[in-house]
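A.B. asks: File structure_37.json below, JSON, C-alpha atoms and all ligand atoms:
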```json
[["chain", "number", "residue", "atom", "x", "y", "z"],
["A", 1449, "MET", "CA", -10.45, 8.18, -28.61],
["A", 1450, "THR", "CA", -11.39, 11.36, -26.77],
["A", 1451, "LYS", "CA", -9.59, 12.27, -23.60],
["A", 1452, "PHE", "CA", -11.53, 11.33, -20.45],
["A", 1453, "ASP", "CA", -13.90, 9.05, -22.34],
["A", 1454, "SER", "CA", -14.71, 5.74, -20.73],
["A", 1455, "ASP", "CA", -12.03, 3.95, -22.78],
["A", 1456, "TRP", "CA", -9.31, 6.59, -22.46],
["A", 1457, "ILE", "CA", -6.23, 5.53, -20.50],
["A", 1458, "PRO", "CA", -3.66, 8.06, -19.26],
["A", 1459, "GLN", "CA", 0.07, 7.40, -19.05],
["A", 1460, "SER", "CA", 0.24, 8.14, -15.34],
["A", 1461, "ALA", "CA", -2.16, 8.31, -12.40],
["A", 1462, "MET", "CA", -2.10, 8.70, -8.64],
["A", 1463, "THR", "CA", -4.53, 7.55, -5.97],
["A", 1464, "ILE", "CA", -4.80, 9.69, -2.83],
["A", 1465, "PHE", "CA", -6.77, 8.10, 0.00],
["A", 1466, "ALA", "CA", -6.77, 7.97, 3.78],
["A", 1467, "HIS", "CA", -6.31, 4.28, 4.63],
["A", 1468, "PRO", "CA", -4.95, 1.02, 3.30],
["A", 1469, "ASP", "CA", -7.82, -0.65, 1.37],
["A", 1470, "ASP", "CA", -9.62, 2.64, 0.48],
["A", 1471, "ALA", "CA", -8.17, 2.66, -3.04],
["A", 1472, "GLU", "CA", -8.95, -1.03, -3.48],
["A", 1473, "PHE", "CA", -12.60, -0.48, -2.58],
["A", 1474, "SER", "CA", -12.81, 2.71, -4.63],
["A", 1475, "CYS", "CA", -11.02, 2.32, -7.91],
["A", 1476, "SER", "CA", -8.82, -0.79, -8.11],
["A", 1477, "GLY", "CA", -10.75, -2.29, -11.03],
["A", 1478, "THR", "CA", -9.82, 0.79, -13.05],
["A", 1479, "VAL", "CA", -6.30, 0.82, -11.62],
["A", 1480, "ALA", "CA", -5.69, -2.80, -12.70],
["A", 1481, "LYS", "CA", -7.15, -2.09, -16.14],
["A", 1482, "TRP", "CA", -4.96, 0.97, -16.67],
["A", 1483, "VAL", "CA", -1.82, -0.81, -15.40],
["A", 1484, "LYS", "CA", -2.39, -3.60, -17.94],
["A", 1485, "ALA", "CA", -2.48, -0.91, -20.65],
["A", 1486, "GLY", "CA", 0.85, 0.55, -19.51],
["A", 1487, "CYS", "CA", -0.25, 3.35, -17.17],
["A", 1488, "GLU", "CA", 2.15, 3.98, -14.27],
["A", 1489, "ILE", "CA", 0.27, 4.34, -11.02],
["A", 1490, "THR", "CA", 1.37, 5.75, -7.68],
["A", 1491, "TYR", "CA", -0.51, 5.08, -4.46],
["A", 1492, "ILE", "CA", -0.47, 7.74, -1.76],
["A", 1493, "LEU", "CA", -1.58, 6.50, 1.67],
["A", 1494, "ILE", "CA", -2.14, 9.38, 4.07],
["A", 1495, "THR", "CA", -2.38, 7.04, 7.07],
["A", 1496, "SER", "CA", -1.29, 3.46, 7.44],
["A", 1497, "GLY", "CA", -4.54, 2.61, 9.21],
["A", 1498, "ASN", "CA", -2.84, 2.31, 12.59],
["A", 1499, "ALA", "CA", -6.08, 2.59, 14.57],
["A", 1500, "GLY", "CA", -8.25, 0.46, 12.28],
["A", 1501, "THR", "CA", -9.05, -2.53, 14.46],
["A", 1502, "HIS", "CA", -11.17, -3.73, 17.38],
["A", 1503, "ASP", "CA", -8.59, -6.44, 18.14],
["A", 1504, "PRO", "CA", -6.85, -5.50, 21.43],
["A", 1505, "THR", "CA", -3.75, -7.59, 20.66],
["A", 1506, "TYR", "CA", -2.52, -4.93, 18.23],
["A", 1507, "THR", "CA", -0.62, -1.78, 19.09],
["A", 1508, "PRO", "CA", -0.66, 1.20, 16.68],
["A", 1509, "GLU", "CA", 2.91, 0.28, 15.73],
["A", 1510, "SER", "CA", 2.25, -3.40, 15.07],
["A", 1511, "LEU", "CA", -0.94, -2.61, 13.16],
["A", 1512, "LEU", "CA", 0.89, -0.08, 10.98],
["A", 1513, "GLU", "CA", 3.41, -2.73, 10.04],
["A", 1514, "VAL", "CA", 0.73, -5.30, 9.17],
["A", 1515, "ARG", "CA", -1.37, -2.86, 7.16],
["A", 1516, "GLU", "CA", 1.54, -1.50, 5.14],
["A", 1517, "ARG", "CA", 2.51, -5.07, 4.29],
["A", 1518, "GLU", "CA", -1.07, -5.84, 3.25],
["A", 1519, "GLN", "CA", -1.12, -2.69, 1.10],
["A", 1520, "ARG", "CA", 2.13, -3.66, -0.61],
["A", 1521, "GLN", "CA", 0.71, -7.09, -1.36],
["A", 1522, "ALA", "CA", -2.50, -5.58, -2.74],
["A", 1523, "CYS", "CA", -0.45, -3.26, -4.94],
["A", 1524, "ALA", "CA", 1.60, -6.22, -6.19],
["A", 1525, "VAL", "CA", -1.65, -7.94, -7.23],
["A", 1526, "LEU", "CA", -2.72, -4.83, -9.16],
["A", 1527, "GLY", "CA", 0.69, -4.07, -10.66],
["A", 1528, "VAL", "CA", 1.00, -0.71, -8.92],
["A", 1529, "LYS", "CA", 4.64, 0.37, -9.02],
["A", 1530, "TYR", "CA", 5.01, 3.11, -6.45],
["A", 1531, "ILE", "CA", 3.58, 3.45, -2.93],
["A", 1532, "GLU", "CA", 4.12, 6.37, -0.59],
["A", 1533, "PHE", "CA", 3.10, 6.07, 3.06],
["A", 1534, "LEU", "CA", 2.75, 9.50, 4.70],
["A", 1535, "ARG", "CA", 2.06, 7.92, 8.12],
["A", 1536, "HIS", "CA", -0.37, 10.43, 9.51],
["A", 1537, "ASP", "CA", -2.33, 8.93, 12.39],
["A", 1538, "ASP", "CA", -5.47, 7.01, 11.54],
["A", 1539, "GLY", "CA", -8.58, 8.79, 12.80],
["A", 1540, "ARG", "CA", -6.84, 12.16, 12.96],
["A", 1541, "VAL", "CA", -6.45, 13.28, 9.33],
["A", 1542, "VAL", "CA", -6.80, 17.03, 8.92],
["A", 1543, "ALA", "CA", -6.81, 18.75, 5.54],
["A", 1544, "ASP", "CA", -4.36, 21.44, 6.65],
["A", 1545, "LEU", "CA", -1.56, 23.27, 4.83],
["A", 1546, "ASN", "CA", 1.06, 20.74, 5.94],
["A", 1547, "LEU", "CA", -0.81, 17.86, 4.33],
["A", 1548, "ARG", "CA", -1.55, 19.95, 1.24],
["A", 1549, "ARG", "CA", 2.15, 20.70, 0.90],
["A", 1550, "GLU", "CA", 3.11, 17.02, 1.26],
["A", 1551, "LEU", "CA", 0.68, 16.12, -1.49],
["A", 1552, "VAL", "CA", 1.89, 18.96, -3.71],
["A", 1553, "ARG", "CA", 5.43, 17.61, -3.38],
["A", 1554, "LEU", "CA", 4.33, 14.13, -4.48],
["A", 1555, "ILE", "CA", 2.14, 15.41, -7.32],
["A", 1556, "ARG", "CA", 5.05, 17.48, -8.63],
["A", 1557, "GLN", "CA", 7.42, 14.53, -8.25],
["A", 1558, "TYR", "CA", 5.27, 11.89, -9.97],
["A", 1559, "LYS", "CA", 3.42, 14.22, -12.41],
["A", 1560, "PRO", "CA", 0.18, 12.22, -12.65],
["A", 1561, "GLU", "CA", -2.23, 13.01, -15.46],
["A", 1562, "VAL", "CA", -5.08, 11.69, -13.35],
["A", 1563, "VAL", "CA", -5.67, 11.82, -9.60],
["A", 1564, "PHE", "CA", -8.20, 9.48, -7.98],
["A", 1565, "CYS", "CA", -9.75, 10.56, -4.70],
["A", 1566, "GLY", "CA", -12.98, 10.53, -2.71],
["A", 1567, "ASP", "CA", -15.75, 13.12, -2.40],
["A", 1568, "PRO", "CA", -15.19, 15.53, 0.50],
["A", 1569, "THR", "CA", -18.87, 16.48, 0.57],
["A", 1570, "GLN", "CA", -20.07, 12.93, 1.17],
["A", 1571, "VAL", "CA", -21.21, 12.77, 4.80],
["A", 1572, "PHE", "CA", -24.21, 10.42, 4.71],
["A", 1573, "TRP", "CA", -24.77, 7.18, 2.85],
["A", 1574, "LEU", "CA", -28.48, 6.41, 2.64],
["A", 1575, "ASN", "CA", -29.84, 6.15, 6.14],
["A", 1576, "ASN", "CA", -27.48, 3.65, 7.65],
["A", 1577, "ARG", "CA", -23.92, 4.83, 7.13],
["A", 1578, "LEU", "CA", -21.76, 7.85, 7.88],
["A", 1579, "ASN", "CA", -18.62, 8.56, 5.93],
["A", 1580, "HIS", "CA", -15.36, 8.36, 7.89],
["A", 1581, "PRO", "CA", -14.00, 11.85, 8.68],
["A", 1582, "ASP", "CA", -10.55, 10.73, 7.44],
["A", 1583, "HIS", "CA", -12.11, 9.97, 4.04],
["A", 1584, "ARG", "CA", -13.57, 13.45, 3.81],
["A", 1585, "ALA", "CA", -10.35, 15.13, 4.98],
["A", 1586, "ALA", "CA", -8.20, 13.06, 2.59],
["A", 1587, "ALA", "CA", -10.48, 13.90, -0.32],
["A", 1588, "LEU", "CA", -10.43, 17.62, 0.46],
["A", 1589, "ALA", "CA", -6.65, 17.60, 0.89],
["A", 1590, "ALA", "CA", -6.24, 15.81, -2.46],
["A", 1591, "ILE", "CA", -8.47, 18.25, -4.33],
["A", 1592, "ASP", "CA", -6.87, 21.31, -2.73],
["A", 1593, "ALA", "CA", -3.40, 19.99, -3.60],
["A", 1594, "VAL", "CA", -4.39, 19.35, -7.21],
["A", 1595, "PHE", "CA", -5.89, 22.78, -7.72],
["A", 1596, "PRO", "CA", -4.50, 25.28, -7.66],
["A", 1597, "ALA", "CA", -1.53, 24.51, -5.40],
["A", 1598, "SER", "CA", 0.41, 22.02, -7.57],
["A", 1599, "GLU", "CA", 0.33, 24.26, -10.63],
["A", 1600, "MET", "CA", 1.35, 27.50, -8.89],
["A", 1601, "GLU", "CA", 4.99, 28.25, -9.68],
["A", 1602, "LEU", "CA", 5.39, 30.69, -6.80],
["A", 1603, "LEU", "CA", 3.81, 28.42, -4.19],
["A", 1604, "TRP", "CA", 6.33, 26.14, -2.45],
["A", 1605, "PRO", "CA", 8.86, 26.22, -5.33],
["A", 1606, "GLU", "CA", 11.21, 24.13, -3.18],
["A", 1607, "GLU", "CA", 8.75, 21.22, -3.54],
["A", 1608, "GLY", "CA", 9.45, 20.86, -7.25],
["A", 1609, "PRO", "CA", 8.42, 22.38, -10.58],
["A", 1610, "ALA", "CA", 4.72, 23.21, -10.99],
["A", 1611, "TRP", "CA", 2.57, 20.44, -12.48],
["A", 1612, "LYS", "CA", -0.97, 20.62, -13.75],
["A", 1613, "VAL", "CA", -3.09, 17.53, -13.19],
["A", 1614, "HIS", "CA", -5.27, 16.84, -16.24],
["A", 1615, "GLY", "CA", -8.27, 15.32, -14.51],
["A", 1616, "VAL", "CA", -9.64, 14.24, -11.14],
["A", 1617, "TYR", "CA", -11.59, 10.99, -10.88],
["A", 1618, "VAL", "CA", -13.84, 11.26, -7.84],
["A", 1619, "ARG", "CA", -15.16, 8.02, -6.40],
["A", 1620, "THR", "CA", -18.00, 7.24, -4.00],
["A", 1621, "THR", "CA", -19.88, 10.31, -5.03],
["A", 1622, "ALA", "CA", -23.54, 10.82, -5.81],
["A", 1623, "GLU", "CA", -23.03, 12.68, -9.10],
["A", 1624, "VAL", "CA", -21.23, 10.38, -11.53],
["A", 1625, "ASN", "CA", -20.60, 11.12, -15.22],
["A", 1626, "THR", "CA", -18.17, 8.40, -16.36],
["A", 1627, "TRP", "CA", -18.44, 4.61, -16.20],
["A", 1628, "ILE", "CA", -15.33, 2.48, -16.66],
["A", 1629, "ASP", "CA", -15.78, -1.14, -17.69],
["A", 1630, "VAL", "CA", -13.91, -3.32, -15.19],
["A", 1631, "SER", "CA", -15.34, -6.68, -16.29],
["A", 1632, "ASP", "CA", -11.83, -7.95, -17.09],
["A", 1633, "THR", "CA", -10.30, -6.81, -13.80],
["A", 1634, "ILE", "CA", -13.04, -7.33, -11.19],
["A", 1635, "ASP", "CA", -11.31, -10.56, -10.14],
["A", 1636, "LEU", "CA", -8.06, -8.67, -9.55],
["A", 1637, "LYS", "CA", -9.94, -6.08, -7.52],
["A", 1638, "ILE", "CA", -11.34, -8.81, -5.28],
["A", 1639, "LYS", "CA", -7.95, -10.51, -5.04],
["A", 1640, "ALA", "CA", -6.31, -7.22, -4.02],
["A", 1641, "LEU", "CA", -9.01, -6.55, -1.41],
["A", 1642, "ARG", "CA", -8.47, -10.00, 0.04],
["A", 1643, "GLU", "CA", -4.88, -9.04, 0.84],
["A", 1644, "HIS", "CA", -6.23, -6.76, 3.58],
["A", 1645, "HIS", "CA", -6.58, -9.68, 5.99],
["A", 1646, "SER", "CA", -6.57, -7.54, 9.15],
["A", 1647, "GLN", "CA", -9.78, -5.85, 7.95],
["A", 1648, "LEU", "CA", -11.69, -8.92, 6.89],
["A", 1649, "ASP", "CA", -13.64, -11.65, 8.56],
["A", 1650, "ASP", "CA", -16.00, -12.73, 5.79],
["A", 1651, "TYR", "CA", -14.26, -13.06, 2.41],
["A", 1652, "LYS", "CA", -17.32, -14.52, 0.72],
["A", 1653, "GLU", "CA", -19.53, -11.61, 1.71],
["A", 1654, "LEU", "CA", -16.86, -9.16, 0.56],
["A", 1655, "GLU", "CA", -16.72, -10.77, -2.87],
["A", 1656, "GLU", "CA", -20.50, -10.77, -3.23],
["A", 1657, "THR", "CA", -20.75, -7.12, -2.18],
["A", 1658, "ILE", "CA", -18.04, -6.00, -4.61],
["A", 1659, "ARG", "CA", -19.55, -7.92, -7.52],
["A", 1660, "GLN", "CA", -23.03, -6.63, -6.76],
["A", 1661, "ARG", "CA", -21.95, -2.98, -6.54],
["A", 1662, "ALA", "CA", -19.96, -3.22, -9.78],
["A", 1663, "ALA", "CA", -22.84, -4.99, -11.52],
["A", 1664, "ASP", "CA", -25.28, -2.29, -10.35],
["A", 1665, "ALA", "CA", -22.92, 0.43, -11.60],
["A", 1666, "GLY", "CA", -22.53, -1.23, -14.99],
["A", 1667, "GLN", "CA", -26.16, -2.10, -15.54],
["A", 1668, "GLU", "CA", -27.44, 1.11, -17.12],
["A", 1669, "LYS", "CA", -24.38, 1.30, -19.44],
["A", 1670, "GLY", "CA", -24.59, -2.29, -20.62],
["A", 1671, "MET", "CA", -21.38, -3.26, -18.82],
["A", 1672, "LEU", "CA", -21.10, -6.46, -16.83],
["A", 1673, "PHE", "CA", -19.07, -4.73, -14.12],
["A", 1674, "ALA", "CA", -18.20, -1.03, -13.86],
["A", 1675, "GLU", "CA", -16.72, 1.60, -11.58],
["A", 1676, "ALA", "CA", -18.46, 4.96, -11.82],
["A", 1677, "PHE", "CA", -16.71, 8.28, -11.29],
["A", 1678, "ARG", "CA", -17.33, 11.97, -11.39],
["A", 1679, "VAL", "CA", -14.56, 13.03, -13.76],
["A", 1680, "VAL", "CA", -13.51, 16.66, -13.42],
["A", 1681, "ARG", "CA", -11.64, 17.79, -16.54],
["A", 1682, "LEU", "CA", -8.96, 20.35, -15.79],
["A", 1683, "LYS", "CA", -6.86, 20.06, -18.97],
["A", 1684, "GLU", "CA", -8.71, 18.94, -22.07],
["A", 1685, "ASP", "CA", -5.83, 18.98, -24.57],
["A", 1701, "ZN", "ZN", -10.98, 4.01, 4.90]]
```
Please, can you express the file's structure as structure tokens?
C.D. replies:
Amino acid sequence: MTKFDSDWIPQSAMTIFAHPDDAEFSCSGTVAKWVKAGCEITYILITSGNAGTHDPTYTPESLLEVREREQRQACAVLGVKYIEFLRHDDGRVVADLNLRRELVRLIRQYKPEVVFCGDPTQVFWLNNRLNHPDHRAAALAAIDAVFPASEMELLWPEEGPAWKVHGVYVRTTAEVNTWIDVSDTIDLKIKALREHHSQLDDYKELEETIRQRAADAGQEKGMLFAEAFRVVRLKED
């Protein structure tokens, strides 16, 4: 099997996203599939979603606690071993050097072959949605940490030995080039998403939306359900 093909599974991967539930929406079908095959996955949460509610009974502190618990439960469903909460404030993520350095430290520590992240250039979705600025900032921070920072020996040597990420799997992007069959793990994806109770009011609608999107993605490749990525190959061998 060729590296980065649809069926290829790395030994280690890392998701870098802004909020609890972002990775579940983005790539958890693939995450669950890879975990089943023995891949070790680390989740990096830049914020703990401590502003993500319209319910006035929460405080940022109480919401953080709830959302970290929900994220841990979602990770347990998927079989994700390691979770790192960086606890930046929700709604205020900036792709600055401090965040880049934090991510470099974690990339060098966990040495993922693959990093999953969003698309920093995605501002508009059709004519009825705008991308969250935290999503764009998190995606840019992830990409800038992967290359070239993590692999530069003379940059922040105190954060660990240089590590070169093999490939970046970009989700929610217009230009996709790789479809991963998640027909066997779509149910786990939905189950993991349902752990984010504080974000949900209509579980049925969520399930229908997830199935429909994955069915649409798989259709042209003859897959029942798929997640589509733009895979950027940084290390082919
Ligand atoms: Zn989000």
A.B. asks: Enumerate as a PyMOL selection string the residues within 8 Å of ligand ZN 1701 (chain A), counting all atoms listed in the file.
C.D. replies: chain A and resi 1465-1470+1497+1580+1582-1583
A.B. asks: Given all atoms listed in the file as the basis, pick out the residue of A:Arg1548, A:Lys1639, A:His1614, A:His1644 nearest to Phe1452 of chain A.
C.D. replies: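 Looking at the shortest contact to Phe1452 of chain A, the residue is A:His1614.
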A.B. asks: Could you tell me which of A:Asp1544, A:Asp1664, A:Glu1643, A:Asp1567 comes closest to Leu1526 of chain A if we count all atoms listed in the file?
C.D. replies: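 Of A:Asp1544, A:Asp1664, A:Glu1643, A:Asp1567, the one nearest Leu1526 of chain A is A:Glu1643, counting all atoms listed in the file.
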A.B. asks: Mind dumping a table of every segment 1514-1600 of chain A residue within 10 Å of segment 1618-1628 of chain A, with the nearest atom pair and its distance in Å to one decimal, using only C-alpha atoms, sorted by chain and rising number, as a tab-separated table?
C.D. replies:
```
residue	atom	partner	partner_atom	distance
A:Val1563	CA	A:Val1618	CA	8.4
A:Phe1564	CA	A:Val1618	CA	5.9
A:Cys1565	CA	A:Val1618	CA	5.2
A:Gly1566	CA	A:Arg1619	CA	5.0
A:Asp1567	CA	A:Thr1621	CA	5.6
A:Pro1568	CA	A:Thr1621	CA	8.9
A:Thr1569	CA	A:Thr1621	CA	8.4
A:Gln1570	CA	A:Thr1621	CA	6.7
A:Trp1573	CA	A:Ala1622	CA	9.5
A:Ala1587	CA	A:Val1618	CA	8.6
A:Ile1591	CA	A:Val1618	CA	9.5
```
A.B. asks: Just want the 12 Å neighbourhood of Lys1683 of chain A, counted on all atoms listed in the file, with same-chain residues fewer than 2 positions away dropped. Output as a list of chain:residue names.
C.D. replies: A:Lys1451, A:Phe1452, A:Glu1561, A:Val1562, A:Phe1595, A:Glu1599, A:Trp1611, A:Lys1612, A:Val1613, A:His1614, A:Gly1615, A:Val1616, A:Val1679, A:Val1680, A:Arg1681, A:Asp1685
A.B. asks: For Lys1484 of chain A, work out the shell of residues within 12 Å, counting only C-alpha atoms and skipping chain neighbours fewer than 6 positions away, then give it as a PyMOL selection string.
C.D. replies: chain A and resi 1457-1459+1477-1478+1525-1528+1630+1632-1633+1636
A.B. asks: Quick one: residues within 7 Å of Arg1535 of chain A, all atoms listed in the file counted, chain neighbours fewer than 2 positions away excluded, as a VMD selection string?
C.D. replies: chain A and resid 1494 to 1496 1533 1537
A.B. asks: Within 12 Å of (-20.5, -1.1, -2.7) (coordinates as in the file), grab all the protein and nucleic acid residues, counting only C-alpha atoms, and write them out as number ranges by chain.
C.D. replies: A: 1470, 1472-1475, 1573, 1577, 1619-1621, 1653-1665, 1674-1676
A.B. asks: Under the rule that all atoms listed in the file are counted, which of A:Glu1606, A:Asp1538, A:Glu1550, A:Asp1629 is the nearest residue to Ala1590 of chain A?
C.D. replies: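 Of all the options, A:Glu1550 lies closest to Ala1590 of chain A.
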A.B. asks: Find the smallest box with edges along x, y and z containing every listed atom of segment 1585-1596 of chain A, then add 4 Å on each side and report centre and edge lengths in Å to one decimal, as JSON.
C.D. replies:
```
{"center_x": -6.9, "center_y": 19.2, "center_z": -1.4, "size_x": 15.1, "size_y": 20.2, "size_z": 20.7}
```
A.B. asks: Can you work out the spacing between atom CA of Leu1672 of chain A and atom CA of Ile1492 of chain A in Å, to one decimal?
C.D. replies: 29.2 Å
A.B. asks: How many Å separate atom CA of Met1462 of chain A from atom CA of Thr1490 of chain A?
C.D. replies: 4.7 Å
A.B. asks: Work out how far atom CA of Glu1607 of chain A is from atom CA of Arg1556 of chain A, in Å to one decimal.
C.D. replies: 7.3 Å
A.B. asks: Ala1593 of chain A: which residues within 10 Å, counting only C-alpha atoms, same-chain residues fewer than 3 positions away excluded, as a ChimeraX atom specification?
C.D. replies: /A:1543,1545,1547-1555,1587-1590,1596-1599,1613
A.B. asks: For the point (-10.4, -9.4, 16.9) in the file's frame, write as a PyMOL selection string all residues with an atom no more than 10 Å away, counting all atoms listed in the file.
C.D. replies: chain A and resi 1501-1506+1646-1647+1649
A.B. asks: Considering all atoms listed in the file, state which residue in the set A:Ile1634, A:Arg1584, A:Ala1640, A:Ala1610 is at the smallest distance from Gly1666 of chain A.
C.D. replies: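 Among A:Ile1634, A:Arg1584, A:Ala1640, A:Ala1610, it is A:Ile1634 that comes nearest to Gly1666 of chain A.
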A.B. asks: Which is closer to Val1483 of chain A than all the others in A:Pro1609, A:Val1514, A:Cys1523, A:Met1671, using all atoms listed in the file?
C.D. replies: A:Cys1523
A.B. asks: Save segment 1514-1551 of chain A to a file: C-alpha atoms, as a PDB file, in the first residue's frame.
C.D. replies:
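That gives us decode.pdb:
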```pdb
ATOM      1  CA  VAL A1514     -18.351  20.367  31.343  1.00  0.00           C
ATOM      2  CA  ARG A1515     -16.800  20.586  27.901  1.00  0.00           C
ATOM      3  CA  GLU A1516     -13.526  18.943  28.899  1.00  0.00           C
ATOM      4  CA  ARG A1517     -15.519  16.095  30.432  1.00  0.00           C
ATOM      5  CA  GLU A1518     -17.577  15.769  27.243  1.00  0.00           C
ATOM      6  CA  GLN A1519     -14.369  15.737  25.177  1.00  0.00           C
ATOM      7  CA  ARG A1520     -12.852  13.005  27.349  1.00  0.00           C
ATOM      8  CA  GLN A1521     -15.998  10.928  26.925  1.00  0.00           C
ATOM      9  CA  ALA A1522     -15.965  11.447  23.156  1.00  0.00           C
ATOM     10  CA  CYS A1523     -12.309  10.390  23.059  1.00  0.00           C
ATOM     11  CA  ALA A1524     -13.137   7.275  25.090  1.00  0.00           C
ATOM     12  CA  VAL A1525     -15.765   6.350  22.488  1.00  0.00           C
ATOM     13  CA  LEU A1526     -13.190   6.736  19.698  1.00  0.00           C
ATOM     14  CA  GLY A1527     -10.320   5.060  21.548  1.00  0.00           C
ATOM     15  CA  VAL A1528      -8.152   8.181  21.550  1.00  0.00           C
ATOM     16  CA  LYS A1529      -5.421   7.751  24.150  1.00  0.00           C
ATOM     17  CA  TYR A1530      -4.001  11.188  24.790  1.00  0.00           C
ATOM     18  CA  ILE A1531      -5.729  14.566  25.172  1.00  0.00           C
ATOM     19  CA  GLU A1532      -3.998  17.878  25.788  1.00  0.00           C
ATOM     20  CA  PHE A1533      -6.062  20.921  26.768  1.00  0.00           C
ATOM     21  CA  LEU A1534      -4.145  24.163  26.165  1.00  0.00           C
ATOM     22  CA  ARG A1535      -6.960  26.253  27.720  1.00  0.00           C
ATOM     23  CA  HIS A1536      -6.731  29.332  25.574  1.00  0.00           C
ATOM     24  CA  ASP A1537      -9.939  31.349  25.805  1.00  0.00           C
ATOM     25  CA  ASP A1538     -12.738  30.442  23.441  1.00  0.00           C
ATOM     26  CA  GLY A1539     -13.380  33.204  20.910  1.00  0.00           C
ATOM     27  CA  ARG A1540      -9.913  34.689  21.337  1.00  0.00           C
ATOM     28  CA  VAL A1541      -7.546  32.265  19.587  1.00  0.00           C
ATOM     29  CA  VAL A1542      -4.643  34.030  17.910  1.00  0.00           C
ATOM     30  CA  ALA A1543      -2.091  32.234  15.751  1.00  0.00           C
ATOM     31  CA  ASP A1544       0.860  33.937  17.433  1.00  0.00           C
ATOM     32  CA  LEU A1545       4.374  32.735  18.283  1.00  0.00           C
ATOM     33  CA  ASN A1546       3.331  31.608  21.768  1.00  0.00           C
ATOM     34  CA  LEU A1547       0.703  29.247  20.392  1.00  0.00           C
ATOM     35  CA  ARG A1548       3.069  28.065  17.659  1.00  0.00           C
ATOM     36  CA  ARG A1549       5.664  27.252  20.296  1.00  0.00           C
ATOM     37  CA  GLU A1550       3.146  25.328  22.431  1.00  0.00           C
ATOM     38  CA  LEU A1551       2.186  23.248  19.418  1.00  0.00           C
TER      39      LEU A1551
END
```
